[in-house]
>>> print(open('upload.cif').read())   # mmCIF, C-alpha atoms
data_model
#
loop_
_atom_site.label_atom_id
_atom_site.label_comp_id
_atom_site.auth_asym_id
_atom_site.auth_seq_id
_atom_site.Cartn_x
_atom_site.Cartn_y
_atom_site.Cartn_z
CA LEU A 1 -3.59 -45.08 0.42
CA PHE A 2 -4.81 -48.63 1.02
CA GLY A 3 -5.70 -51.77 -0.89
CA SER A 4 -4.93 -55.47 -1.21
CA ALA A 5 -2.58 -57.50 -3.37
CA SER A 6 -1.44 -61.04 -4.10
CA GLY A 7 2.30 -60.63 -3.74
CA SER A 8 4.72 -58.08 -2.33
CA VAL A 9 3.87 -54.37 -2.34
CA GLY A 10 6.87 -52.06 -2.39
CA GLY A 11 9.17 -54.84 -1.24
CA ALA A 12 7.19 -55.63 1.94
CA PRO A 13 7.10 -59.28 3.08
CA VAL A 14 4.22 -61.43 1.79
CA ILE A 15 2.03 -62.80 4.61
CA GLY A 16 -0.75 -64.84 2.97
CA GLY A 17 -2.69 -65.27 -0.25
CA THR A 18 -4.19 -61.79 -0.63
CA ASP A 19 -2.73 -59.31 1.85
CA ALA A 20 -4.02 -55.92 2.87
CA PHE A 21 -1.61 -53.01 2.61
CA PHE A 22 -1.43 -49.29 3.19
CA TYR A 23 1.00 -46.45 2.65
CA ASN A 24 1.57 -43.40 4.79
CA THR A 25 3.86 -40.39 4.78
CA GLN A 26 4.49 -37.41 7.02
CA SER A 27 4.43 -34.84 4.21
CA GLY A 28 3.75 -34.39 0.52
CA SER A 29 7.45 -34.58 -0.24
CA GLY A 30 8.38 -37.26 2.34
CA ASN A 31 9.15 -40.90 1.78
CA LEU A 32 6.27 -43.37 1.51
CA ASN A 33 6.16 -46.11 4.11
CA VAL A 34 4.38 -49.29 3.01
CA TYR A 35 2.86 -51.73 5.49
CA GLN A 36 1.64 -55.12 4.30
CA VAL A 37 -0.70 -56.63 6.89
CA GLY A 38 -2.99 -59.61 7.40
CA THR A 39 -2.80 -63.34 8.08
CA GLU A 40 -1.97 -66.55 6.22
CA GLY A 41 -5.48 -66.34 4.70
CA ASN A 42 -6.97 -63.79 2.32
CA GLU A 43 -7.83 -60.21 3.32
CA PRO A 44 -9.21 -58.47 0.20
CA VAL A 45 -9.86 -54.84 1.10
CA ALA A 46 -12.98 -53.07 -0.19
CA ASN A 47 -12.73 -49.81 1.76
CA GLY A 48 -10.69 -48.00 4.38
CA LEU A 49 -10.75 -45.00 6.69
CA LEU A 50 -8.41 -43.14 9.03
CA PHE A 51 -10.55 -42.71 12.15
CA SER A 52 -9.74 -42.16 15.84
CA ASN A 53 -5.99 -42.43 15.18
CA LEU A 54 -6.33 -45.87 13.58
CA LEU A 55 -6.47 -46.97 9.96
CA TRP A 56 -9.56 -49.13 9.54
CA LEU A 57 -9.82 -51.62 6.67
CA THR A 58 -12.96 -53.52 5.72
CA GLY A 59 -13.77 -56.28 3.26
CA SER A 60 -15.01 -59.88 3.17
CA THR A 61 -13.41 -63.31 3.42
CA ASP A 62 -13.93 -66.80 4.87
CA GLY A 63 -12.42 -66.03 8.27
CA ALA A 64 -13.18 -64.67 11.73
CA TYR A 65 -10.63 -62.34 13.32
CA ALA A 66 -9.39 -61.48 16.79
CA VAL A 67 -6.41 -59.78 18.40
CA SER A 68 -4.20 -61.85 20.69
CA GLU A 69 -1.98 -60.30 23.36
CA PRO A 70 1.23 -62.35 23.77
CA ASP A 71 3.27 -62.10 26.97
CA GLU A 72 6.02 -60.43 24.97
CA GLY A 73 5.96 -58.44 21.78
CA ASP A 74 3.22 -56.67 19.87
CA PRO A 75 -0.43 -57.76 19.57
CA GLU A 76 -1.08 -60.30 16.82
CA LEU A 77 -3.95 -60.68 14.36
CA THR A 78 -5.44 -64.18 14.47
CA ARG A 79 -7.83 -65.86 12.06
CA GLN A 80 -10.23 -68.80 12.30
CA GLN A 81 -11.79 -70.39 9.23
CA THR A 82 -15.53 -69.82 8.79
CA ASP A 83 -18.05 -71.86 6.81
CA SER A 84 -19.28 -68.83 4.89
CA THR A 85 -18.01 -65.48 3.67
CA ALA A 86 -18.06 -62.88 6.45
CA GLY A 87 -17.18 -59.23 6.68
CA PHE A 88 -14.11 -58.01 8.54
CA LEU A 89 -13.19 -54.71 10.16
CA LEU A 90 -9.53 -54.35 11.17
CA GLY A 91 -7.96 -51.39 12.96
CA PHE A 92 -4.20 -50.78 12.59
CA SER A 93 -1.86 -48.16 13.95
CA THR A 94 -0.23 -45.97 11.33
CA THR A 95 2.90 -48.11 11.73
CA GLY A 96 1.11 -51.34 10.86
CA GLN A 97 0.38 -52.84 14.30
CA ILE A 98 -3.03 -54.45 14.78
CA ARG A 99 -5.14 -52.83 17.51
CA GLN A 100 -8.73 -54.04 17.03
CA ALA A 101 -10.50 -56.68 14.93
CA PHE A 102 -14.19 -57.38 14.30
CA SER A 103 -15.93 -60.07 12.27
CA ILE A 104 -19.30 -59.13 10.76
CA ASN A 105 -21.09 -62.42 10.14
CA ASP A 106 -24.59 -63.85 10.29
CA GLU A 107 -25.39 -65.65 13.54
CA ASP A 108 -25.48 -69.13 11.98
CA ASP A 109 -22.43 -68.64 9.71
CA MET A 110 -24.43 -69.79 6.70
CA SER A 111 -24.81 -66.80 4.37
CA SER A 112 -22.38 -64.60 2.49
CA GLU A 113 -21.83 -61.07 3.79
CA GLN A 114 -20.07 -58.57 1.54
CA LEU A 115 -18.88 -55.31 3.14
CA LEU A 116 -18.27 -52.49 0.68
CA ALA A 117 -18.70 -49.20 2.56
CA LEU A 118 -17.31 -47.65 5.75
CA ALA A 119 -17.81 -44.39 7.66
CA GLY A 120 -17.16 -42.95 11.11
CA PHE A 121 -20.14 -41.93 13.20
CA ASP A 122 -20.09 -40.37 16.69
CA GLY A 123 -17.05 -42.36 17.85
CA ASP A 124 -18.21 -45.60 16.22
CA LEU A 125 -17.93 -47.11 12.73
CA VAL A 126 -20.69 -47.92 10.28
CA VAL A 127 -20.19 -50.70 7.71
CA ALA A 128 -22.51 -51.56 4.85
CA GLY A 129 -22.89 -53.91 1.89
CA ASN A 130 -25.18 -56.88 1.26
CA THR A 131 -26.00 -60.47 2.24
CA ASN A 132 -27.74 -63.45 0.69
CA GLY A 133 -29.08 -64.75 4.01
CA ASP A 134 -30.26 -63.71 7.46
CA PHE A 135 -27.85 -61.04 8.70
CA ALA A 136 -30.11 -59.14 11.09
CA SER A 137 -32.02 -62.10 12.63
CA GLN A 138 -35.17 -61.43 10.66
CA ALA A 139 -38.17 -63.73 10.71
CA ALA A 140 -37.82 -64.69 7.03
CA THR A 141 -35.38 -64.09 4.20
CA SER A 142 -35.64 -64.72 0.47
CA GLY A 143 -32.15 -66.05 -0.21
CA GLN A 144 -31.58 -63.18 -2.64
CA GLU A 145 -29.02 -60.44 -2.11
CA GLN A 146 -30.29 -57.75 0.26
CA ALA A 147 -28.61 -54.58 1.53
CA ILE A 148 -27.18 -54.60 5.07
CA ILE A 149 -25.78 -51.96 7.40
CA ALA A 150 -24.38 -52.17 10.93
CA ARG A 151 -23.07 -49.79 13.57
CA VAL A 152 -19.98 -51.13 15.38
CA PRO A 153 -18.81 -49.55 18.67
CA VAL A 154 -15.01 -49.35 18.55
CA ALA A 155 -14.24 -47.14 21.56
CA ALA A 156 -12.67 -49.02 24.47
CA ASP A 157 -14.82 -47.14 26.99
CA THR A 158 -18.23 -47.98 25.46
CA SER A 159 -20.65 -48.23 28.37
CA THR A 160 -23.23 -50.99 28.78
CA GLU A 161 -25.94 -48.33 28.98
CA SER A 162 -25.13 -46.93 25.54
CA ALA A 163 -24.30 -50.25 23.86
CA ALA A 164 -27.94 -51.07 23.04
CA PHE A 165 -28.41 -48.23 20.56
CA ARG A 166 -24.78 -48.09 19.40
CA ASN A 167 -24.53 -51.74 18.36
CA TRP A 168 -27.18 -52.62 15.78
CA ARG A 169 -27.81 -54.33 12.45
CA TYR A 170 -30.33 -53.61 9.71
CA GLN A 171 -31.27 -55.64 6.64
CA LEU A 172 -33.32 -54.11 3.85
CA ALA A 173 -36.21 -56.39 2.90
CA SER A 174 -35.73 -55.71 -0.79
CA ASP A 175 -34.17 -58.28 -3.17
CA ASP A 176 -31.29 -57.35 -5.48
CA SER A 177 -30.23 -54.45 -3.27
CA VAL A 178 -26.94 -53.20 -1.83
CA PHE A 179 -25.71 -50.28 0.25
CA ARG A 180 -22.85 -49.17 -1.98
CA ALA A 181 -21.60 -46.14 -0.04
CA VAL A 182 -22.25 -44.56 3.34
CA GLN A 183 -21.68 -41.07 4.74
CA THR A 184 -22.71 -39.31 7.94
CA TYR A 185 -24.24 -35.92 8.59
CA ARG A 186 -23.12 -34.11 11.79
CA ASP A 187 -23.32 -37.39 13.77
CA ASP A 188 -27.11 -36.99 13.48
CA GLU A 189 -27.92 -39.11 10.43
CA ILE A 190 -26.41 -41.92 8.38
CA VAL A 191 -26.87 -41.56 4.62
CA THR A 192 -26.48 -44.52 2.27
CA LEU A 193 -26.18 -44.71 -1.50
CA THR A 194 -28.46 -47.65 -2.21
CA ARG A 195 -29.04 -49.70 -5.32
CA LEU A 196 -32.53 -51.19 -5.52
CA GLY A 197 -32.54 -53.35 -8.63
CA SER A 198 -31.74 -50.90 -11.43
CA ASP A 199 -32.65 -47.83 -9.36
CA TRP A 200 -30.39 -45.76 -7.10
CA ARG A 201 -31.64 -43.96 -4.00
CA LEU A 202 -30.34 -42.15 -0.94
CA LEU A 203 -31.68 -43.80 2.22
CA VAL A 204 -31.26 -42.13 5.61
CA PHE A 205 -30.95 -43.86 9.00
CA SER A 206 -31.15 -42.57 12.56
CA PRO A 207 -28.26 -43.09 15.01
CA GLU A 208 -30.24 -46.03 16.45
CA GLY A 209 -30.53 -47.77 13.07
CA GLN A 210 -34.09 -46.80 12.17
CA LEU A 211 -34.80 -46.26 8.48
CA LEU A 212 -36.08 -42.69 8.10
CA THR A 213 -36.65 -42.64 4.33
CA PRO A 214 -40.00 -44.00 3.09
CA LEU A 215 -39.61 -46.78 0.53
#
>>> encode(input="upload.cif", output="structure tokens")
Amino acid sequence: LFGSASGSVGGAPVIGGTDAFFYNTQSGSGNLNVYQVGTEGNEPVANGLLFSNLLWLTGSTDGAYAVSEPDEGDPELTRQQTDSTAGFLLGFSTTGQIRQAFSINDEDDMSSEQLLALAGFDGDLVVAGNTNGDFASQAATSGQEQAIIARVPVAADTSTESAAFRNWRYQLASDDSVFRAVQTYRDDEIVTLTRLGSDWRLLVFSPEGQLLTPL
């Protein structure tokens, strides 16, 4: 169980404005352990997933994240203010310790990226949502909201040879669109629930980020 809240959840200490939190338990009849996580900023959570022994939380805020390794003690989540709203992808241990952090932003930090969906795919994670700018370094954008999706390698042993097709971004050149949900099929295809204006469609992508569904 995961989410975000302004204030304490289950008596856990408050960290910032809007904190992420999650519960876990060892059994259906065991005690619930609550972990309130984040920074002094806002971390509103839109989706989450237990994947590769980490709990991954995604959402959007005006910050860029990293993990610092102090000489003593546990790793710490750090945050730098951004000029625009960017997506975040944070990986925590089941006891609330930060392990990995990714910021999903446009190259120029000018547009607003909203991440809404999350799925595991062949050892990596796929995030999706929408943007109102140039997320995928396209030649031209309209300034209207367009659906976006990205594959993010999270394995520590990702090779340089495989990084090219495992680390990609795609922006749908269709105004008033959003990828609202994402699922995977046998690590062969990525399936998105897509809103195109007032219509809803299932769009399928290859592992390399190529759109396979005709529009």
>>> residues_around(input="upload.cif", residues="Gln36 in chain A", least_positions_apart="4", cutoff="10 Å", atoms="all atoms listed in the file", output="mmCIF file with C-alpha atoms, in the frame of the given file")
data_model
loop_
_atom_site.group_PDB
_atom_site.id
_atom_site.type_symbol
_atom_site.label_atom_id
_atom_site.label_comp_id
_atom_site.auth_asym_id
_atom_site.auth_seq_id
_atom_site.Cartn_x
_atom_site.Cartn_y
_atom_site.Cartn_z
ATOM 1 C CA PHE A 2 -4.810 -48.630 1.020
ATOM 2 C CA GLY A 3 -5.700 -51.770 -0.890
ATOM 3 C CA SER A 4 -4.930 -55.470 -1.210
ATOM 4 C CA ALA A 5 -2.580 -57.500 -3.370
ATOM 5 C CA GLY A 7 2.300 -60.630 -3.740
ATOM 6 C CA SER A 8 4.720 -58.080 -2.330
ATOM 7 C CA VAL A 9 3.870 -54.370 -2.340
ATOM 8 C CA GLY A 10 6.870 -52.060 -2.390
ATOM 9 C CA GLY A 11 9.170 -54.840 -1.240
ATOM 10 C CA ALA A 12 7.190 -55.630 1.940
ATOM 11 C CA PRO A 13 7.100 -59.280 3.080
ATOM 12 C CA VAL A 14 4.220 -61.430 1.790
ATOM 13 C CA ILE A 15 2.030 -62.800 4.610
ATOM 14 C CA ASP A 19 -2.730 -59.310 1.850
ATOM 15 C CA ALA A 20 -4.020 -55.920 2.870
ATOM 16 C CA PHE A 21 -1.610 -53.010 2.610
ATOM 17 C CA PHE A 22 -1.430 -49.290 3.190
ATOM 18 C CA TYR A 23 1.000 -46.450 2.650
ATOM 19 C CA GLY A 96 1.110 -51.340 10.860
#
>>> residues_around(input="upload.cif", residues="Ala101 in chain A", least_positions_apart="4", cutoff="6 Å", atoms="all atoms listed in the file", output="PDB file with C-alpha atoms, keeping the file's coordinate frame")
ATOM      1  CA  TYR A  65     -10.630 -62.340  13.320  1.00  0.00           C
ATOM      2  CA  ALA A  66      -9.390 -61.480  16.790  1.00  0.00           C
ATOM      3  CA  LEU A  89     -13.190 -54.710  10.160  1.00  0.00           C
ATOM      4  CA  LEU A  90      -9.530 -54.350  11.170  1.00  0.00           C
TER       5      LEU A  90
END
>>> residues_around(input="upload.cif", residues="Gly123 in chain A", least_positions_apart="4", cutoff="10 Å", atoms="only C-alpha atoms", output="PyMOL selection string")
chain A and resi 51-52+152-155+158+166+187
>>> resolve_selection(input="upload.cif", expression="the PyMOL selection byres ((chain A and resi 85) around 9)", output="list of chain:residue names")
A:Ser60, A:Thr61, A:Asp62, A:Gly63, A:Thr82, A:Asp83, A:Ser84, A:Ala86, A:Gly87, A:Asn105, A:Asp109, A:Met110, A:Ser111, A:Ser112, A:Glu113, A:Gln114
>>> closest_residue(input="upload.cif", among="A:Val67, A:Leu125, A:Leu211, A:Leu116", to="Gln100 in chain A", atoms="all atoms listed in the file")
A:Val67
>>> residues_around(input="upload.cif", residues="Tyr170 in chain A", least_positions_apart="5", cutoff="7 Å", atoms="all atoms listed in the file", output="list in words")
Ala136, Ile148, Ile149, Ala150 and Gly209 of chain A
>>> resolve_selection(input="upload.cif", expression="the PyMOL selection byres ((chain A and resi 141) around 12)", output="list in words")
Ser111, Thr131, Asn132, Gly133, Asp134, Phe135, Ala136, Ser137, Gln138, Ala139, Ala140, Ser142, Gly143, Gln144, Glu145, Gln146, Ala147, Gln171, Leu172, Ala173, Ser174 and Asp175 of chain A
>>> atom_distance(input="upload.cif", atom1="CA of Ala46 in chain A", atom2="CA of Gly197 in chain A")
21.3 Å
>>> atom_distance(input="upload.cif", atom1="CA of Gly38 in chain A", atom2="CA of Thr18 in chain A")
8.4 Å
>>> closest_residue(input="upload.cif", among="A:Gly16, A:Phe88, A:Phe102, A:Phe205", to="Thr58 in chain A", atoms="only C-alpha atoms")
A:Phe88
>>> atom_distance(input="upload.cif", atom1="CA of Leu193 in chain A", atom2="CA of Glu43 in chain A")
24.5 Å
>>> closest_residue(input="upload.cif", among="A:Val126, A:Thr39, A:Gly91, A:Glu76", to="Asn53 in chain A", atoms="only C-alpha atoms")
A:Gly91
>>> closest_residue(input="upload.cif", among="A:Ala64, A:Phe92, A:Gln97, A:Glu208", to="Asp122 in chain A", atoms="only C-alpha atoms")
A:Glu208
>>> closest_residue(input="upload.cif", among="A:Asn33, A:Gln80, A:Ser27, A:Ser206", to="Val191 in chain A", atoms="all atoms listed in the file")
A:Ser206
>>> residues_around(input="upload.cif", residues="Pro214 in chain A", least_positions_apart="3", cutoff="12 Å", atoms="all atoms listed in the file", output="PDB file with C-alpha atoms, in the frame of the given file")
ATOM      1  CA  ARG A 201     -31.640 -43.960  -4.000  1.00  0.00           C
ATOM      2  CA  LEU A 202     -30.340 -42.150  -0.940  1.00  0.00           C
ATOM      3  CA  LEU A 203     -31.680 -43.800   2.220  1.00  0.00           C
ATOM      4  CA  VAL A 204     -31.260 -42.130   5.610  1.00  0.00           C
ATOM      5  CA  PHE A 205     -30.950 -43.860   9.000  1.00  0.00           C
ATOM      6  CA  GLN A 210     -34.090 -46.800  12.170  1.00  0.00           C
ATOM      7  CA  LEU A 211     -34.800 -46.260   8.480  1.00  0.00           C
TER       8      LEU A 211
END
>>> resolve_selection(input="upload.cif", expression="the PyMOL selection byres ((chain A and resi 198) around 12)", output="ChimeraX atom specification")
/A:175-178,194-197,199-201
>>> closest_residue(input="upload.cif", among="A:Leu212, A:Val37, A:Leu77, A:Val127", to="Gln183 in chain A", atoms="all atoms listed in the file")
A:Val127
>>> decode(input="upload.cif", residues="range 36-139 of chain A", atoms="C-alpha atoms", output="CSV table (one decimal), in the first residue's frame")
chain,number,residue,atom,x,y,z
A,36,GLN,CA,7.1,8.0,5.5
A,37,VAL,CA,9.7,9.0,3.0
A,38,GLY,CA,10.9,11.9,0.9
A,39,THR,CA,12.6,15.3,1.2
A,40,GLU,CA,11.8,18.8,2.5
A,41,GLY,CA,10.0,19.3,-0.8
A,42,ASN,CA,6.8,17.7,-2.1
A,43,GLU,CA,6.7,14.1,-3.4
A,44,PRO,CA,3.1,13.5,-4.5
A,45,VAL,CA,2.8,9.8,-5.5
A,46,ALA,CA,0.8,8.8,-8.6
A,47,ASN,CA,1.8,5.1,-8.8
A,48,GLY,CA,3.9,2.5,-7.3
A,49,LEU,CA,5.3,-1.0,-7.9
A,50,LEU,CA,7.2,-3.7,-6.0
A,51,PHE,CA,9.9,-4.7,-8.5
A,52,SER,CA,13.3,-6.4,-8.2
A,53,ASN,CA,13.1,-6.3,-4.4
A,54,LEU,CA,12.5,-2.6,-4.3
A,55,LEU,CA,9.4,-0.5,-3.9
A,56,TRP,CA,9.3,2.0,-6.7
A,57,LEU,CA,7.2,5.2,-6.4
A,58,THR,CA,6.6,7.6,-9.3
A,59,GLY,CA,4.9,11.0,-9.6
A,60,SER,CA,5.8,14.6,-10.5
A,61,THR,CA,7.1,17.6,-8.7
A,62,ASP,CA,9.5,20.6,-9.1
A,63,GLY,CA,12.6,18.8,-8.1
A,64,ALA,CA,15.5,16.7,-9.4
A,65,TYR,CA,16.6,13.7,-7.2
A,66,ALA,CA,19.7,11.8,-6.5
A,67,VAL,CA,21.1,9.4,-3.8
A,68,SER,CA,24.1,10.5,-1.8
A,69,GLU,CA,26.4,8.1,0.0
A,70,PRO,CA,27.7,9.6,3.3
A,71,ASP,CA,30.8,8.2,4.9
A,72,GLU,CA,28.7,6.9,7.7
A,73,GLY,CA,25.1,5.9,7.9
A,74,ASP,CA,22.5,5.0,5.3
A,75,PRO,CA,22.2,6.5,1.8
A,76,GLU,CA,20.2,9.8,1.7
A,77,LEU,CA,17.7,11.1,-0.9
A,78,THR,CA,18.7,14.6,-2.1
A,79,ARG,CA,16.6,17.1,-4.0
A,80,GLN,CA,17.5,20.1,-6.2
A,81,GLN,CA,14.8,22.7,-7.2
A,82,THR,CA,13.9,22.6,-10.9
A,83,ASP,CA,12.4,25.4,-13.0
A,84,SER,CA,9.5,23.2,-14.3
A,85,THR,CA,7.5,20.1,-13.1
A,86,ALA,CA,9.4,16.9,-13.7
A,87,GLY,CA,8.7,13.3,-13.1
A,88,PHE,CA,10.4,11.3,-10.4
A,89,LEU,CA,11.1,7.6,-9.9
A,90,LEU,CA,12.3,6.6,-6.5
A,91,GLY,CA,13.3,3.1,-5.4
A,92,PHE,CA,13.2,2.2,-1.6
A,93,SER,CA,14.0,-1.0,0.3
A,94,THR,CA,11.0,-2.5,2.1
A,95,THR,CA,12.3,-0.9,5.3
A,96,GLY,CA,12.2,2.6,3.9
A,97,GLN,CA,15.8,3.2,2.8
A,98,ILE,CA,16.4,5.0,-0.5
A,99,ARG,CA,18.4,2.9,-3.0
A,100,GLN,CA,17.9,4.6,-6.4
A,101,ALA,CA,16.5,7.8,-7.7
A,102,PHE,CA,15.7,9.1,-11.2
A,103,SER,CA,14.4,12.4,-12.5
A,104,ILE,CA,12.4,12.3,-15.7
A,105,ASN,CA,12.5,15.8,-17.2
A,106,ASP,CA,12.8,17.5,-20.5
A,107,GLU,CA,16.3,18.4,-21.6
A,108,ASP,CA,15.8,22.2,-21.2
A,109,ASP,CA,13.8,22.0,-18.0
A,110,MET,CA,11.0,24.1,-19.5
A,111,SER,CA,7.9,22.0,-19.8
A,112,SER,CA,5.7,20.1,-17.4
A,113,GLU,CA,6.0,16.3,-17.2
A,114,GLN,CA,3.3,14.4,-15.4
A,115,LEU,CA,4.1,10.7,-14.7
A,116,LEU,CA,1.0,8.6,-14.0
A,117,ALA,CA,1.8,5.0,-14.9
A,118,LEU,CA,4.5,2.5,-14.0
A,119,ALA,CA,5.4,-1.1,-15.0
A,120,GLY,CA,8.3,-3.5,-14.9
A,121,PHE,CA,9.7,-4.7,-18.2
A,122,ASP,CA,12.6,-7.2,-18.7
A,123,GLY,CA,14.6,-5.9,-15.6
A,124,ASP,CA,13.8,-2.3,-16.4
A,125,LEU,CA,11.0,0.1,-15.5
A,126,VAL,CA,8.6,1.8,-17.9
A,127,VAL,CA,7.0,5.2,-16.9
A,128,ALA,CA,4.3,7.0,-18.8
A,129,GLY,CA,2.1,10.1,-18.6
A,130,ASN,CA,2.1,13.4,-20.6
A,131,THR,CA,4.0,16.6,-21.2
A,132,ASN,CA,3.2,20.1,-22.5
A,133,GLY,CA,6.6,20.5,-24.2
A,134,ASP,CA,9.5,18.7,-25.8
A,135,PHE,CA,10.1,15.6,-23.8
A,136,ALA,CA,11.7,13.4,-26.5
A,137,SER,CA,13.8,16.0,-28.3
A,138,GLN,CA,11.4,16.2,-31.2
A,139,ALA,CA,11.8,18.7,-34.0
